[in-house]
file model.pdb (PDB, C-alpha atoms)
ATOM      1  CA  MET A   1       0.076  16.307 -65.345  1.00  0.00           C
ATOM      2  CA  LYS A   2      -0.840  12.671 -64.506  1.00  0.00           C
ATOM      3  CA  VAL A   3       0.418  13.130 -60.935  1.00  0.00           C
ATOM      4  CA  PHE A   4      -1.725  16.262 -60.521  1.00  0.00           C
ATOM      5  CA  LYS A   5      -4.838  14.394 -61.711  1.00  0.00           C
ATOM      6  CA  TYR A   6      -4.070  11.529 -59.279  1.00  0.00           C
ATOM      7  CA  LEU A   7      -3.851  13.939 -56.318  1.00  0.00           C
ATOM      8  CA  ILE A   8      -7.184  15.549 -57.232  1.00  0.00           C
ATOM      9  CA  LEU A   9      -8.767  12.060 -57.425  1.00  0.00           C
ATOM     10  CA  CYS A  10      -7.449  11.146 -53.935  1.00  0.00           C
ATOM     11  CA  VAL A  11      -8.774  14.367 -52.373  1.00  0.00           C
ATOM     12  CA  CYS A  12     -12.174  13.863 -53.966  1.00  0.00           C
ATOM     13  CA  THR A  13     -12.323  10.291 -52.700  1.00  0.00           C
ATOM     14  CA  ALA A  14     -11.480  11.448 -49.165  1.00  0.00           C
ATOM     15  CA  VAL A  15     -14.297  14.016 -49.260  1.00  0.00           C
ATOM     16  CA  LEU A  16     -16.818  11.453 -50.502  1.00  0.00           C
ATOM     17  CA  LEU A  17     -15.919   9.043 -47.703  1.00  0.00           C
ATOM     18  CA  ASN A  18     -16.120  11.820 -45.113  1.00  0.00           C
ATOM     19  CA  THR A  19     -12.458  11.107 -44.208  1.00  0.00           C
ATOM     20  CA  SER A  20     -10.047  13.939 -43.579  1.00  0.00           C
ATOM     21  CA  VAL A  21      -6.491  13.989 -44.887  1.00  0.00           C
ATOM     22  CA  THR A  22      -5.401  15.115 -41.424  1.00  0.00           C
ATOM     23  CA  ALA A  23      -6.763  11.932 -39.826  1.00  0.00           C
ATOM     24  CA  CYS A  24      -4.866   9.784 -42.333  1.00  0.00           C
ATOM     25  CA  ALA A  25      -1.670  11.620 -41.581  1.00  0.00           C
ATOM     26  CA  GLN A  26      -2.213  11.156 -37.829  1.00  0.00           C
ATOM     27  CA  GLU A  27      -2.755   7.365 -38.279  1.00  0.00           C
ATOM     28  CA  ASN A  28       0.476   7.080 -40.268  1.00  0.00           C
ATOM     29  CA  SER A  29       2.295   8.965 -37.517  1.00  0.00           C
ATOM     30  CA  ASP A  30       1.102   6.471 -34.843  1.00  0.00           C
ATOM     31  CA  ASN A  31       2.543   3.555 -36.788  1.00  0.00           C
ATOM     32  CA  HIS A  32       5.980   5.162 -36.494  1.00  0.00           C
ATOM     33  CA  LYS A  33       5.775   6.296 -32.895  1.00  0.00           C
ATOM     34  CA  ILE A  34       9.101   6.678 -31.093  1.00  0.00           C
ATOM     35  CA  VAL A  35       9.146   4.402 -28.011  1.00  0.00           C
ATOM     36  CA  THR A  36      11.505   5.137 -25.123  1.00  0.00           C
ATOM     37  CA  LEU A  37      12.864   2.292 -22.974  1.00  0.00           C
ATOM     38  CA  THR A  38      14.604   3.479 -19.815  1.00  0.00           C
ATOM     39  CA  PHE A  39      16.788   1.200 -17.690  1.00  0.00           C
ATOM     40  CA  TYR A  40      17.704   1.784 -14.023  1.00  0.00           C
ATOM     41  CA  THR A  41      20.220  -0.155 -11.925  1.00  0.00           C
ATOM     42  CA  ASP A  42      18.050   0.766  -8.924  1.00  0.00           C
ATOM     43  CA  GLU A  43      15.072   3.049  -8.390  1.00  0.00           C
ATOM     44  CA  ASN A  44      16.955   6.313  -9.001  1.00  0.00           C
ATOM     45  CA  THR A  45      20.151   5.436 -10.895  1.00  0.00           C
ATOM     46  CA  LEU A  46      19.813   5.694 -14.667  1.00  0.00           C
ATOM     47  CA  PHE A  47      21.755   3.060 -16.596  1.00  0.00           C
ATOM     48  CA  GLU A  48      20.673   3.422 -20.223  1.00  0.00           C
ATOM     49  CA  THR A  49      17.969   4.877 -22.455  1.00  0.00           C
ATOM     50  CA  ILE A  50      16.979   3.306 -25.778  1.00  0.00           C
ATOM     51  CA  TYR A  51      14.797   4.861 -28.459  1.00  0.00           C
ATOM     52  CA  CYS A  52      13.100   2.835 -31.155  1.00  0.00           C
ATOM     53  CA  GLU A  53      10.434   3.344 -33.802  1.00  0.00           C
ATOM     54  CA  GLY A  54       7.181   1.376 -33.821  1.00  0.00           C
ATOM     55  CA  GLY A  55       7.929  -0.843 -30.811  1.00  0.00           C
ATOM     56  CA  CYS A  56      11.009  -2.822 -29.864  1.00  0.00           C
ATOM     57  CA  GLY A  57      12.429  -5.437 -27.508  1.00  0.00           C
ATOM     58  CA  ILE A  58      15.127  -5.317 -24.834  1.00  0.00           C
ATOM     59  CA  THR A  59      18.561  -4.679 -26.322  1.00  0.00           C
ATOM     60  CA  SER A  60      20.168  -3.134 -23.259  1.00  0.00           C
ATOM     61  CA  HIS A  61      23.688  -3.958 -22.184  1.00  0.00           C
ATOM     62  CA  ILE A  62      24.224  -5.966 -18.985  1.00  0.00           C
ATOM     63  CA  PRO A  63      24.798  -3.655 -16.008  1.00  0.00           C
ATOM     64  CA  GLU A  64      27.418  -4.159 -13.303  1.00  0.00           C
ATOM     65  CA  LYS A  65      27.218  -3.535  -9.575  1.00  0.00           C
ATOM     66  CA  LYS A  66      30.047  -4.186  -7.140  1.00  0.00           C
ATOM     67  CA  GLY A  67      29.356  -7.162  -4.900  1.00  0.00           C
ATOM     68  CA  TYR A  68      26.264  -8.208  -6.885  1.00  0.00           C
ATOM     69  CA  ARG A  69      25.344 -10.311  -9.888  1.00  0.00           C
ATOM     70  CA  PHE A  70      22.793  -9.127 -12.429  1.00  0.00           C
ATOM     71  CA  LEU A  71      19.803 -11.474 -12.872  1.00  0.00           C
ATOM     72  CA  TYR A  72      17.185  -9.842 -15.129  1.00  0.00           C
ATOM     73  CA  TRP A  73      15.161  -6.700 -15.886  1.00  0.00           C
ATOM     74  CA  ARG A  74      11.716  -6.101 -14.369  1.00  0.00           C
ATOM     75  CA  TYR A  75       8.951  -3.712 -15.353  1.00  0.00           C
ATOM     76  CA  GLU A  76       5.428  -2.843 -14.214  1.00  0.00           C
ATOM     77  CA  LYS A  77       2.580  -4.606 -15.980  1.00  0.00           C
ATOM     78  CA  ASP A  78      -1.065  -4.472 -14.841  1.00  0.00           C
ATOM     79  CA  GLY A  79       0.034  -3.054 -11.489  1.00  0.00           C
ATOM     80  CA  GLU A  80       2.627  -5.783 -10.827  1.00  0.00           C
ATOM     81  CA  MET A  81       6.371  -6.085 -11.362  1.00  0.00           C
ATOM     82  CA  VAL A  82       7.112  -8.832 -13.891  1.00  0.00           C
ATOM     83  CA  ILE A  83      10.276 -10.205 -15.477  1.00  0.00           C
ATOM     84  CA  ALA A  84      11.049  -8.856 -18.931  1.00  0.00           C
ATOM     85  CA  SER A  85      11.713 -11.380 -21.669  1.00  0.00           C
ATOM     86  CA  ARG A  86      13.871 -10.684 -24.708  1.00  0.00           C
ATOM     87  CA  THR A  87      10.940 -11.823 -26.847  1.00  0.00           C
ATOM     88  CA  ASP A  88       8.636  -9.112 -25.457  1.00  0.00           C
ATOM     89  CA  VAL A  89       7.767  -6.193 -27.744  1.00  0.00           C
ATOM     90  CA  PHE A  90       7.059  -2.813 -26.139  1.00  0.00           C
ATOM     91  CA  LEU A  91       4.827  -0.310 -27.920  1.00  0.00           C
ATOM     92  CA  GLU A  92       4.735   2.264 -25.122  1.00  0.00           C
ATOM     93  CA  ASP A  93       7.396   4.076 -23.091  1.00  0.00           C
ATOM     94  CA  THR A  94       8.543   1.672 -20.376  1.00  0.00           C
ATOM     95  CA  SER A  95      10.916   1.812 -17.399  1.00  0.00           C
ATOM     96  CA  PHE A  96      12.957  -1.239 -16.387  1.00  0.00           C
ATOM     97  CA  TYR A  97      14.654  -1.965 -13.065  1.00  0.00           C
ATOM     98  CA  ALA A  98      17.557  -4.353 -12.556  1.00  0.00           C
ATOM     99  CA  CYS A  99      17.234  -7.328 -10.223  1.00  0.00           C
ATOM    100  CA  TRP A 100      20.398  -8.433  -8.397  1.00  0.00           C
ATOM    101  CA  GLU A 101      21.719 -11.199  -6.152  1.00  0.00           C
ATOM    102  CA  PRO A 102      24.809 -11.132  -3.896  1.00  0.00           C
ATOM    103  CA  ALA A 103      27.919 -12.247  -5.799  1.00  0.00           C
ATOM    104  CA  GLY A 104      29.269 -14.265  -2.872  1.00  0.00           C
ATOM    105  CA  ILE A 105      27.745 -17.777  -2.602  1.00  0.00           C
ATOM    106  CA  PRO A 106      28.053 -19.819   0.647  1.00  0.00           C
ATOM    107  CA  ALA A 107      30.347 -22.857   0.504  1.00  0.00           C
ATOM    108  CA  ASP A 108      27.540 -25.341   1.177  1.00  0.00           C
ATOM    109  CA  VAL A 109      25.537 -23.923  -1.747  1.00  0.00           C
ATOM    110  CA  VAL A 110      28.589 -24.232  -3.999  1.00  0.00           C
ATOM    111  CA  GLN A 111      29.042 -27.879  -2.950  1.00  0.00           C
ATOM    112  CA  ASN A 112      25.373 -28.646  -3.508  1.00  0.00           C
ATOM    113  CA  THR A 113      25.611 -27.071  -6.950  1.00  0.00           C
ATOM    114  CA  LYS A 114      28.642 -29.217  -7.811  1.00  0.00           C
ATOM    115  CA  ASP A 115      26.843 -32.331  -6.570  1.00  0.00           C
ATOM    116  CA  SER A 116      23.799 -31.445  -8.651  1.00  0.00           C
ATOM    117  CA  GLN A 117      25.924 -30.905 -11.753  1.00  0.00           C
ATOM    118  CA  LYS A 118      27.659 -34.240 -11.184  1.00  0.00           C
ATOM    119  CA  GLU A 119      24.307 -35.983 -10.817  1.00  0.00           C
ATOM    120  CA  ILE A 120      23.043 -34.350 -14.013  1.00  0.00           C
ATOM    121  CA  LYS A 121      26.123 -35.513 -15.925  1.00  0.00           C
ATOM    122  CA  GLN A 122      25.734 -39.032 -14.548  1.00  0.00           C
ATOM    123  CA  LYS A 123      22.101 -39.121 -15.602  1.00  0.00           C
ATOM    124  CA  GLN A 124      23.031 -37.880 -19.065  1.00  0.00           C
ATOM    125  CA  LYS A 125      25.638 -40.636 -19.391  1.00  0.00           C
ATOM    126  CA  MET A 126      23.121 -43.178 -18.127  1.00  0.00           C
ATOM    127  CA  ARG A 127      20.487 -42.107 -20.651  1.00  0.00           C
ATOM    128  CA  ALA A 128      23.034 -42.262 -23.472  1.00  0.00           C
ATOM    129  CA  ALA A 129      24.142 -45.753 -22.377  1.00  0.00           C
ATOM    130  CA  ARG A 130      20.530 -46.928 -22.122  1.00  0.00           C
ATOM    131  CA  ILE A 131      19.778 -45.682 -25.628  1.00  0.00           C
ATOM    132  CA  LYS A 132      22.903 -47.430 -26.890  1.00  0.00           C
ATOM    133  CA  ALA A 133      21.888 -50.666 -25.152  1.00  0.00           C
ATOM    134  CA  GLY A 134      18.421 -50.397 -26.640  1.00  0.00           C
ATOM    135  CA  ILE A 135      19.835 -50.472 -30.174  1.00  0.00           C
ATOM    136  CA  ILE A 136      20.047 -54.254 -29.795  1.00  0.00           C
ATOM    137  CA  ARG A 137      16.237 -54.390 -30.206  1.00  0.00           C
ATOM    138  CA  ARG A 138      16.682 -53.575 -33.905  1.00  0.00           C
ATOM    139  CA  LYS A 139      19.258 -56.331 -34.480  1.00  0.00           C
ATOM    140  CA  LYS A 140      18.902 -59.994 -35.383  1.00  0.00           C
ATOM    141  CA  PRO A 141      21.531 -62.738 -34.891  1.00  0.00           C
ATOM    142  CA  VAL A 142      22.499 -64.985 -37.787  1.00  0.00           C
ATOM    143  CA  ILE A 143      22.916 -68.674 -36.960  1.00  0.00           C
ATOM    144  CA  SER A 144      23.655 -72.034 -38.527  1.00  0.00           C
ATOM    145  CA  VAL A 145      22.871 -75.467 -37.037  1.00  0.00           C
ATOM    146  CA  LYS A 146      24.484 -78.882 -37.569  1.00  0.00           C
ATOM    147  CA  SER A 147      23.765 -82.293 -36.151  1.00  0.00           C
ATOM    148  CA  ALA A 148      26.500 -83.695 -33.893  1.00  0.00           C
ATOM    149  CA  LYS A 149      27.395 -87.048 -32.410  1.00  0.00           C
ATOM    150  CA  ASN A 150      25.948 -88.374 -29.156  1.00  0.00           C
ATOM    151  CA  ASN A 151      22.449 -86.924 -29.555  1.00  0.00           C
ATOM    152  CA  ALA A 152      23.607 -83.316 -29.849  1.00  0.00           C
ATOM    153  CA  ALA A 153      23.445 -80.332 -32.167  1.00  0.00           C
ATOM    154  CA  ASN A 154      26.001 -77.597 -32.772  1.00  0.00           C
ATOM    155  CA  ILE A 155      24.718 -74.011 -33.015  1.00  0.00           C
ATOM    156  CA  ILE A 156      27.049 -71.457 -34.558  1.00  0.00           C
ATOM    157  CA  ILE A 157      26.222 -67.787 -33.982  1.00  0.00           C
ATOM    158  CA  LYS A 158      27.974 -65.741 -36.625  1.00  0.00           C
ATOM    159  CA  ALA A 159      29.991 -62.608 -35.896  1.00  0.00           C
ATOM    160  CA  SER A 160      27.977 -59.463 -35.128  1.00  0.00           C
ATOM    161  CA  LYS A 161      29.015 -55.842 -34.581  1.00  0.00           C
ATOM    162  CA  PHE A 162      26.360 -54.839 -32.064  1.00  0.00           C
ATOM    163  CA  GLU A 163      27.049 -54.963 -28.315  1.00  0.00           C
ATOM    164  CA  LYS A 164      25.533 -57.760 -26.216  1.00  0.00           C
ATOM    165  CA  ASP A 165      26.064 -59.640 -22.973  1.00  0.00           C
ATOM    166  CA  GLY A 166      24.950 -63.042 -24.200  1.00  0.00           C
ATOM    167  CA  TYR A 167      22.408 -65.117 -26.074  1.00  0.00           C
ATOM    168  CA  GLU A 168      19.221 -67.055 -25.439  1.00  0.00           C
ATOM    169  CA  ILE A 169      18.960 -70.293 -27.414  1.00  0.00           C
ATOM    170  CA  ARG A 170      15.440 -71.716 -27.659  1.00  0.00           C
ATOM    171  CA  TYR A 171      14.708 -75.141 -29.161  1.00  0.00           C
ATOM    172  CA  SER A 172      11.705 -77.419 -29.511  1.00  0.00           C
ATOM    173  CA  THR A 173      10.343 -80.325 -31.557  1.00  0.00           C
ATOM    174  CA  SER A 174       7.360 -78.095 -32.337  1.00  0.00           C
ATOM    175  CA  LYS A 175       7.380 -75.430 -35.089  1.00  0.00           C
ATOM    176  CA  SER A 176       5.385 -73.169 -32.788  1.00  0.00           C
ATOM    177  CA  PHE A 177       7.940 -73.739 -30.000  1.00  0.00           C
ATOM    178  CA  LYS A 178       5.457 -75.335 -27.617  1.00  0.00           C
ATOM    179  CA  LYS A 179       7.166 -76.751 -24.541  1.00  0.00           C
ATOM    180  CA  ALA A 180      10.394 -75.168 -25.745  1.00  0.00           C
ATOM    181  CA  LYS A 181      13.572 -75.254 -23.699  1.00  0.00           C
ATOM    182  CA  THR A 182      15.846 -72.234 -23.316  1.00  0.00           C
ATOM    183  CA  VAL A 183      19.591 -72.157 -22.784  1.00  0.00           C
ATOM    184  CA  THR A 184      21.284 -68.892 -21.803  1.00  0.00           C
ATOM    185  CA  VAL A 185      24.889 -68.323 -22.823  1.00  0.00           C
ATOM    186  CA  GLU A 186      26.750 -65.405 -21.265  1.00  0.00           C
ATOM    187  CA  SER A 187      29.237 -64.229 -23.834  1.00  0.00           C
ATOM    188  CA  ALA A 188      30.213 -60.948 -25.456  1.00  0.00           C
ATOM    189  CA  LYS A 189      32.215 -62.674 -28.195  1.00  0.00           C
ATOM    190  CA  LYS A 190      31.449 -61.695 -31.757  1.00  0.00           C
ATOM    191  CA  LYS A 191      31.258 -65.343 -32.808  1.00  0.00           C
ATOM    192  CA  LEU A 192      30.042 -68.202 -30.630  1.00  0.00           C
ATOM    193  CA  SER A 193      29.589 -71.971 -30.918  1.00  0.00           C
ATOM    194  CA  LYS A 194      27.305 -73.816 -28.530  1.00  0.00           C
ATOM    195  CA  LYS A 195      26.513 -77.553 -28.336  1.00  0.00           C
ATOM    196  CA  ILE A 196      23.068 -78.656 -27.156  1.00  0.00           C
ATOM    197  CA  LYS A 197      23.125 -82.141 -25.670  1.00  0.00           C
ATOM    198  CA  ASN A 198      20.631 -84.833 -24.630  1.00  0.00           C
ATOM    199  CA  LEU A 199      18.462 -84.526 -27.706  1.00  0.00           C
ATOM    200  CA  LYS A 200      16.293 -87.433 -28.890  1.00  0.00           C
ATOM    201  CA  LYS A 201      17.592 -89.538 -31.765  1.00  0.00           C
ATOM    202  CA  GLY A 202      15.780 -89.211 -35.061  1.00  0.00           C
ATOM    203  CA  LYS A 203      13.795 -86.184 -33.855  1.00  0.00           C
ATOM    204  CA  THR A 204      13.709 -82.881 -35.745  1.00  0.00           C
ATOM    205  CA  TYR A 205      14.356 -79.793 -33.625  1.00  0.00           C
ATOM    206  CA  TYR A 206      13.549 -76.178 -34.411  1.00  0.00           C
ATOM    207  CA  ILE A 207      16.040 -73.655 -33.092  1.00  0.00           C
ATOM    208  CA  ARG A 208      16.140 -69.870 -32.841  1.00  0.00           C
ATOM    209  CA  VAL A 209      18.451 -67.430 -31.031  1.00  0.00           C
ATOM    210  CA  ARG A 210      18.263 -63.878 -29.727  1.00  0.00           C
ATOM    211  CA  ALA A 211      20.883 -61.660 -28.111  1.00  0.00           C
ATOM    212  CA  TYR A 212      20.423 -59.697 -24.898  1.00  0.00           C
ATOM    213  CA  LYS A 213      22.009 -56.670 -23.276  1.00  0.00           C
ATOM    214  CA  ILE A 214      21.677 -55.849 -19.565  1.00  0.00           C
ATOM    215  CA  PHE A 215      21.531 -52.219 -18.544  1.00  0.00           C
ATOM    216  CA  ASP A 216      22.390 -51.450 -14.890  1.00  0.00           C
ATOM    217  CA  PRO A 217      21.855 -47.887 -13.536  1.00  0.00           C
ATOM    218  CA  ALA A 218      24.142 -48.734 -10.582  1.00  0.00           C
ATOM    219  CA  ALA A 219      27.084 -48.541 -12.977  1.00  0.00           C
ATOM    220  CA  TYR A 220      26.387 -44.796 -13.101  1.00  0.00           C
ATOM    221  CA  GLU A 221      25.877 -44.400  -9.349  1.00  0.00           C
ATOM    222  CA  ILE A 222      22.143 -44.004  -9.847  1.00  0.00           C
ATOM    223  CA  ALA A 223      19.463 -46.026  -8.085  1.00  0.00           C
ATOM    224  CA  GLY A 224      17.255 -48.188 -10.265  1.00  0.00           C
ATOM    225  CA  GLU A 225      16.487 -51.712 -11.338  1.00  0.00           C
ATOM    226  CA  LYS A 226      18.414 -53.571 -14.008  1.00  0.00           C
ATOM    227  CA  GLU A 227      16.812 -53.667 -17.421  1.00  0.00           C
ATOM    228  CA  THR A 228      17.311 -56.325 -20.090  1.00  0.00           C
ATOM    229  CA  PHE A 229      17.033 -55.512 -23.788  1.00  0.00           C
ATOM    230  CA  TYR A 230      16.496 -58.307 -26.325  1.00  0.00           C
ATOM    231  CA  SER A 231      17.226 -58.445 -30.024  1.00  0.00           C
ATOM    232  CA  LYS A 232      14.828 -59.870 -32.568  1.00  0.00           C
ATOM    233  CA  TRP A 233      14.783 -63.633 -32.926  1.00  0.00           C
ATOM    234  CA  SER A 234      16.999 -65.131 -35.578  1.00  0.00           C
ATOM    235  CA  LYS A 235      15.523 -67.060 -38.456  1.00  0.00           C
ATOM    236  CA  VAL A 236      14.327 -70.478 -37.328  1.00  0.00           C
ATOM    237  CA  LYS A 237      16.692 -73.317 -38.231  1.00  0.00           C
ATOM    238  CA  LYS A 238      15.868 -76.993 -38.043  1.00  0.00           C
ATOM    239  CA  VAL A 239      18.100 -80.011 -37.526  1.00  0.00           C
ATOM    240  CA  THR A 240      17.418 -83.747 -37.371  1.00  0.00           C
ATOM    241  CA  VAL A 241      19.395 -85.596 -34.716  1.00  0.00           C
ATOM    242  CA  SER A 242      21.395 -88.533 -36.060  1.00  0.00           C
ATOM    243  CA  LYS A 243      20.140 -91.983 -35.066  1.00  0.00           C
TER     244      LYS A 243
END
call {"tool": "encode", "arguments": {"input": "model.pdb", "output": "structure tokens"}}
result
Amino acid sequence: MKVFKYLILCVCTAVLLNTSVTACAQENSDNHKIVTLTFYTDENTLFETIYCEGGCGITSHIPEKKGYRFLYWRYEKDGEMVIASRTDVFLEDTSFYACWEPAGIPADVVQNTKDSQKEIKQKQKMRAARIKAGIIRRKKPVISVKSAKNNAANIIIKASKFEKDGYEIRYSTSKSFKKAKTVTVESAKKKLSKKIKNLKKGKTYYIRVRAYKIFDPAAYEIAGEKETFYSKWSKVKKVTVSK
């Protein structure tokens, strides 16, 4: 009885709004329209027909043609033939035509392709190595300094796990490192000891150290200039030279 009353209410509402039940039924039918997608290997040879409800994308199998390689499906859009994407949704009946290329590839093209692939791999290796070298920028050496005989100072760089090619040792009698001198030590050792000589007796020296890593594209058969990455400076240490 409740259902019957509900139906009467719907019909009355439709009449008041000047909307026909037939029109509503037609609108519902359009939302579930059957779309036909037809695929041809050439202009006249049917390959496959797909039916879907309410619009669909390309789900066709890949066709085969002796002596040729399948590339993609094309269809007519706004008077032009365009490439169909698997993300496209088709709401109307549409015909698709296969695009092919000869299966045989000339030897020089094959060689060029191999060379290109090799170059791509080399560049990928180079980028990975450069990123790895750049990690040093987030590191900081740890050092200790001791006064030594004969107007010298011993700098001990403690063991570190990160890769490097050497260290820069900078020292000065000024806290702000004005007129500082720099000594470069090429060494990939985890731990290093370096003696700085010819210091002035009784003077206090401020010392800091940073590591460096050189990246060379030539190592990967790729043209380019060398690039040097530096770590952060170590904490500043001071030492007073014995009189």
call {"tool": "closest_residue", "arguments": {"input": "model.pdb", "among": "A:Lys132, A:Lys149, A:Lys178, A:Lys77", "to": "Asn198 in chain A", "atoms": "only C-alpha atoms"}}
result
A:Lys149
call {"tool": "closest_residue", "arguments": {"input": "model.pdb", "among": "A:Tyr220, A:Trp100, A:Tyr167, A:Phe39", "to": "Ser193 in chain A", "atoms": "only C-alpha atoms"}}
result
A:Tyr167
call {"tool": "residues_around", "arguments": {"input": "model.pdb", "residues": "Tyr171 in chain A", "least_positions_apart": "5", "cutoff": "8 Å", "atoms": "only C-alpha atoms", "output": "VMD selection string"}}
result
chain A and resid 177 180 to 182 205 to 208
call {"tool": "closest_atom_pairs", "arguments": {"input": "model.pdb", "of": "range 35-138 of chain A", "to": "range 158-166 of chain A", "cutoff": "9 Å", "atoms": "all atoms listed in the file", "output": "tab-separated table"}}
result
residue	atom	partner	partner_atom	distance
A:Lys132	CA	A:Glu163	CA	8.7
A:Ala133	CA	A:Glu163	CA	7.4
A:Ile135	CA	A:Phe162	CA	8.1
A:Ile136	CA	A:Phe162	CA	6.7
call {"tool": "residues_near_point", "arguments": {"input": "model.pdb", "point": "(20.6, -49.2, -23.7)", "cutoff": "12 Å", "atoms": "all atoms listed in the file", "output": "MDAnalysis selection string"}}
result
chainID A and resid 125:138 162:165 212:217 226:231
call {"tool": "closest_residue", "arguments": {"input": "model.pdb", "among": "A:Val89, A:Thr45, A:Asp78, A:Thr204", "to": "Ala153 in chain A", "atoms": "all atoms listed in the file"}}
result
A:Thr204
call {"tool": "residues_around", "arguments": {"input": "model.pdb", "residues": "Leu199 in chain A", "least_positions_apart": "3", "cutoff": "12 Å", "atoms": "all atoms listed in the file", "output": "ChimeraX atom specification"}}
result
/A:147-154,171-173,181,195-196,202-206,239-243
call {"tool": "closest_residue", "arguments": {"input": "model.pdb", "among": "A:Lys33, A:Lys191, A:Arg210, A:Lys139", "to": "Cys52 in chain A", "atoms": "all atoms listed in the file"}}
result
A:Lys33
call {"tool": "atom_distance", "arguments": {"input": "model.pdb", "atom1": "CA of Ser85 in chain A", "atom2": "CA of Glu64 in chain A"}}
result
19.2 Å
call {"tool": "atom_distance", "arguments": {"input": "model.pdb", "atom1": "CA of Tyr40 in chain A", "atom2": "CA of Leu71 in chain A"}}
result
13.5 Å
call {"tool": "atom_distance", "arguments": {"input": "model.pdb", "atom1": "CA of Thr41 in chain A", "atom2": "CA of Cys99 in chain A"}}
result
8.0 Å
call {"tool": "residues_around", "arguments": {"input": "model.pdb", "residues": "Ser234 in chain A", "least_positions_apart": "2", "cutoff": "6 Å", "atoms": "all atoms listed in the file", "output": "PyMOL selection string"}}
result
chain A and resi 140-142+208-209
call {"tool": "closest_residue", "arguments": {"input": "model.pdb", "among": "A:Ser174, A:Ser187, A:Thr49, A:Ser144", "to": "Thr94 in chain A", "atoms": "all atoms listed in the file"}}
result
A:Thr49
call {"tool": "resolve_selection", "arguments": {"input": "model.pdb", "expression": "the PyMOL selection byres ((chain A and resi 58) around 9)", "output": "NGL selection string"}}
result
:A and (37 or 50 or 56-57 or 59-60 or 84-90)
